[in-house]
Amino acid sequence: MNKSAESAFINQLLVYSLVMLVFTGSIGFGTVWLRHEISLAANRNKTLQAQVDEVQRRLDQVSAEIAAAKTPDALIRIDGSLRLGLDTPRQEQIEYVAANVEQRLAARRGAGVFIAEVQPAALRRGGTR
Amino acid sequence: MSKGFASNSRVVLLATGIFLCFGGVAVRLVWLHVLERDSLLKYLEQARRSFAVVNARRGGIRAARGEPLAISRTLVDVGLDPHMLRQGDEARWPELARLLGITLGEIRAAAARRLPETSDDDGRDARPVQWVKLAEGVDETVYQGDKDRNIAGVDDLKIRGVYANRVYRRFYPQNSLAAHLIGYVNREEVPAAGVEHYMDFFLRGQNGWRESERDGHRQELAQFRTREVPPVDGFDVVLSIDTYVQHLIEDELQRIAEEYSPGKATIIVSDARTGFILGLANYPTFNLNEFNKAPIDALRNFAVADVFEPGSTFKIVAASGALNDGLVTPNSAFNCSLTEIDYRGRHLRLPHEAHNDPEFHNLTVAGIISHSSNRGAAQLAMLLGDQRYYEYVCAFGFGQKTGFPFGGEVDGLLEPPKRWDSLTITRMPMGQSIAATPMQIHFAMGTIANNGVRLQPQLFRQVRDQHDNLVFAFEELPRQRVISERTAQTMARLLMGVASSEGTAPEAAIPHFEVAGKTGTSQKVIDGRYSTNHHVASFVGFLPASRPRVVISVIVDDADARCPGGIAYGRKVAAPPFRRIAERLIQYLDVKPVDPVRTVGGIGMQTASR
């Protein structure tokens with residue numbers, strides 16, 4: 001290429017300007033795209049956070065309902081409405097066990113195991129068929 | 001023409017155009033970023049900058065077994081902007097009214113409020129109303145609906161102009177249970193009483209904040225969040241209160257209220273060995289979720305904020321002191337039929353006895369306790385002398401705060417000996433000339449139950465973080481040794497005599513469980529004189545005497561009107577509730593029966609045999 005000093009400079013300037021324009025433009029577009037992605041990610045995070053908050057609010061609501069449903073007053077009301085007749089035992093109904101409780105329970109539980117009469121095993125002595 | 005890309009003139013023209021464009025942009029940038037910078041930034045600050053506080057969740061208050069007593073939840077305040085409503089949405093207003101539990105007329109009235117009622121007649125300076133509240137404290141499920149159960153909510157109606165503000169509100173699932181202990185957070189989110197106020201430092205957490213920008217619709221632009229500090233949720237506070245015990249004593253108070261209609265009453269239950277409060281209830285009480293509707297008197301924690309003359313329950317001080325100093329033994333006898341006595345050169349009249357049994361002329365210390373002899377208690381105090389007796393009164397915790405952390409605890413009334421008149425030494429041992437709170441009396445009895453060491457009432461068990469990790473655990477707090485272990489055990493055995501067929505409160509006895517306690521029936525001072533129609537009935541005791549597990553106090557104020565004979569005796573009014581509570585606690589706490597020994601270890605319970 002035959003370049004005169006004057007036009008070569010201008011041509012080079014033009015080329016460099018265009019290259020710079022493309023370069024800065026791509027950086028600009030890249031930045032815009034990046035910011036758009038950041039914006040999308042931030043909004044997704046915000047939405048997720050809102051969902052977490054909502055779940056937390058639901059949990060609080062359910063916890064409050066469970067707590068209110070388990071109060072002694074509520075349980076007594078349920079007992080009355082279902083006619084369950086539940087009440088704590090009176091003092092005279094209680095029998096205090098002085099013996100070892102585990103042994104006593106084990107004895108009661110195992111009492112039926114050996115009820116059937118034990119048949120003595122008959123052992124054959126000597127001889128083969 | 002050169003053989004470049006273009007002719008020189010065109011290139012120059014193009015280059016000039018490009019540089020002019022760049023120059024224009026550059027000038028504009030300089031204009032915006034340098035010259036107009038301050039004013040534009042100021043505008044941006046106002047228009048776009050957003051600073052939002054992110055509220056921390058307030059910690060919960062839990063009972064000893066983990067049941068929630070106070071929790072935070074979000075509620076919704078629903079309102080409308082009258083200017084944003086659409087004609088086409090009116091068909092859905094009846095459904096909105098139904099969901100919010102209001103009338104259609106209220107919605108119409110709210111929709112018609114376009115200008116504030118306080119504006120000028122001309123309507124000048126009146127900014128349009130943008131928010132009219134329709135309902136506050138609406139449940140999340142009512143507002144959001146329940147997708148799982150196909151229940152539509154306010155939000156599903158899609159009515160334009162109907163908005164919601166979410167607010168954190170404190171919720172007390174147990175309503176009035178332990179109301180005087182838990183306290184409440186008022187509508188301004190300020191903890192106003194009880195644990196809520198006292199433990200606010202742990203409960204409140206630390207709010208976070210978020211700095212960002214918002215768009216023209218006032219919506220936050222999440223991508224411009226510059227700084228963000230996340231909130232730190234509050235800690236949970238675990239109390240020593242047991243919901244079963246608390247419910248039990250509140251039921252008993254309700255029964256007392258129905259039976260006697262007293263002015264007020266209190267029941268305290270604590271662990272005998274640690275001083276942890278298992279239950280504390282007052283009558284009248286209030287619903288924590290409707291604290292603003294409760295009368296002021298119902299908000300008082302009578303157990304620590306009110307004083308009364310303790311009456312015969314106070315006799316434990318004189319008896320313990322005299323036994324502890326070795327001045328008497330349980331079998332030492334006194335003539336309690338005397339009406340006058342000489343004391344330090346003075347001739348003093350002794351107080352009246354409630355009962356005038358012939359055996360009173362020769363009553364042992366054990367008998368003085370079991371028969372609740374006023375003159376016997378006075379003679380025991382005289383043996384100690386003014387100063388020594390006063391020291392014991394102080395050591396048992398009277399005249400000073402017990403250390404209960406809140407509720408406006410008062411010291412009670414106790415004068416030093418130099419300010420006593422001549423009769424004080426005869427009257428104070430029977431529980432007059434002194435005023436104490438129910439808590440002081442309870443922990444004075446607790447001193448005997450705890451082998452002579454006075455404890456500080458403890459209400460808090462633990463502080464836990466939001467992940468349920470232990471942050472701090474509270475231990476028992478012994479205050480001082482008041483009497484020796486041996487004296488305490490002797491006193492416990494003597495107090496068993498009160499809840500026996502020979503004592504003043506056989507109604508409190510539970511066979512095989514060694515109930516030790518003391519009745520009290522104190523006259524109230526009305527218009528400067530002791531009234532014969534107004535009494536404070538009490539029974540303070542513990543069980544089993546040989547290895548105490550719980551201390552129980554039942555104190556009922558002014559229950560005379562419905563009592564037979566018009567006098568509310570501790571035996572009649574307070575002892576039966578004590579027994580009913582104790583019977584339930586025996587099962588609940590698995591208190592084992594003691595061998596059926598009803599004698600008091602060889603100590604004569606009545607008259608000395610000479």
# chains A, B, ... in the order shown; residues from 1 in each chain; ligands from 1
call {"tool": "interface_residues", "arguments": {"of": "chain B", "to": "chain A", "cutoff": "6 Å", "atoms": "only C-alpha atoms", "output": "PyMOL selection string"}}
result
chain B and resi 73+173-174+222-223
call {"tool": "write_last_selection", "arguments": {"atoms": "N, CA and C atoms", "output": "PDB file, in the first residue's frame"}}
result
ATOM      1  N   ARG B  73     -44.791 -13.146  65.407  1.00  0.00           N
ATOM      2  CA  ARG B  73     -45.302 -13.583  64.109  1.00  0.00           C
ATOM      3  C   ARG B  73     -45.735 -12.342  63.341  1.00  0.00           C
ATOM      4  N   PRO B 173     -49.354 -17.456  73.008  1.00  0.00           N
ATOM      5  CA  PRO B 173     -50.277 -18.568  72.739  1.00  0.00           C
ATOM      6  C   PRO B 173     -51.016 -19.068  73.964  1.00  0.00           C
ATOM      7  N   GLN B 174     -50.442 -18.856  75.142  1.00  0.00           N
ATOM      8  CA  GLN B 174     -51.081 -19.386  76.351  1.00  0.00           C
ATOM      9  C   GLN B 174     -52.019 -18.357  76.984  1.00  0.00           C
ATOM     10  N   ALA B 222     -32.586  -4.093  43.276  1.00  0.00           N
ATOM     11  CA  ALA B 222     -31.707  -4.960  44.072  1.00  0.00           C
ATOM     12  C   ALA B 222     -30.263  -4.913  43.596  1.00  0.00           C
ATOM     13  N   GLN B 223     -30.076  -4.638  42.274  1.00  0.00           N
ATOM     14  CA  GLN B 223     -28.706  -4.648  41.756  1.00  0.00           C
ATOM     15  C   GLN B 223     -27.882  -3.461  42.253  1.00  0.00           C
TER      16      GLN B 223
END
call {"tool": "residues_around", "arguments": {"residues": "Asn469 (chain B)", "least_positions_apart": "5", "cutoff": "10 Å", "atoms": "only C-alpha atoms", "output": "ChimeraX atom specification"}}
result
/B:235-236,463-464
call {"tool": "atom_distance", "arguments": {"atom1": "CA of Ile151 (chain B)", "atom2": "CA of Asp77 (chain B)"}}
result
19.5 Å
call {"tool": "residues_around", "arguments": {"residues": "Ser312 (chain B)", "least_positions_apart": "5", "cutoff": "7 Å", "atoms": "only C-alpha atoms", "output": "list in words"}}
result
Ser372, Met430, Gly431, Thr519, Gly520 and Thr521 of chain B
call {"tool": "select_by_dssp", "arguments": {"residues": "region 238-269 of chain B", "states": "alpha helix (DSSP H)", "output": "list in words"}}
result
Thr243, Tyr244, Val245, Gln246, His247, Leu248, Ile249, Glu250, Asp251, Glu252, Leu253, Gln254, Arg255, Ile256, Ala257, Glu258, Glu259 and Tyr260 of chain B
call {"tool": "write_last_selection", "arguments": {"atoms": "C-alpha atoms", "output": "compact mmCIF listing (two decimals), in the first residue's frame"}}
result
# COMPACT_ATOMS: atom_id res chain seq x y z
CA THR B 243 -46.63 -24.86 82.28
CA TYR B 244 -48.30 -27.74 84.12
CA VAL B 245 -47.54 -26.26 87.51
CA GLN B 246 -48.49 -22.80 86.32
CA HIS B 247 -51.77 -24.03 84.90
CA LEU B 248 -52.44 -25.98 88.07
CA ILE B 249 -52.04 -22.98 90.36
CA GLU B 250 -53.98 -20.69 88.04
CA ASP B 251 -56.83 -23.20 88.08
CA GLU B 252 -56.65 -23.23 91.85
CA LEU B 253 -56.72 -19.44 91.97
CA GLN B 254 -59.78 -19.49 89.75
CA ARG B 255 -61.42 -21.92 92.12
CA ILE B 256 -60.55 -19.69 95.09
CA ALA B 257 -61.98 -16.71 93.20
CA GLU B 258 -65.23 -18.52 92.48
CA GLU B 259 -65.54 -19.82 96.02
CA TYR B 260 -64.52 -16.75 98.05
call {"tool": "residues_around", "arguments": {"residues": "Val185 (chain B)", "least_positions_apart": "6", "cutoff": "9 Å", "atoms": "only C-alpha atoms", "output": "ChimeraX atom specification"}}
result
/B:169-170,191-193,196-197
call {"tool": "select_by_dssp", "arguments": {"residues": "region 174-413 of chain B", "states": "strand (DSSP E or B)", "output": "count of residues only"}}
result
50
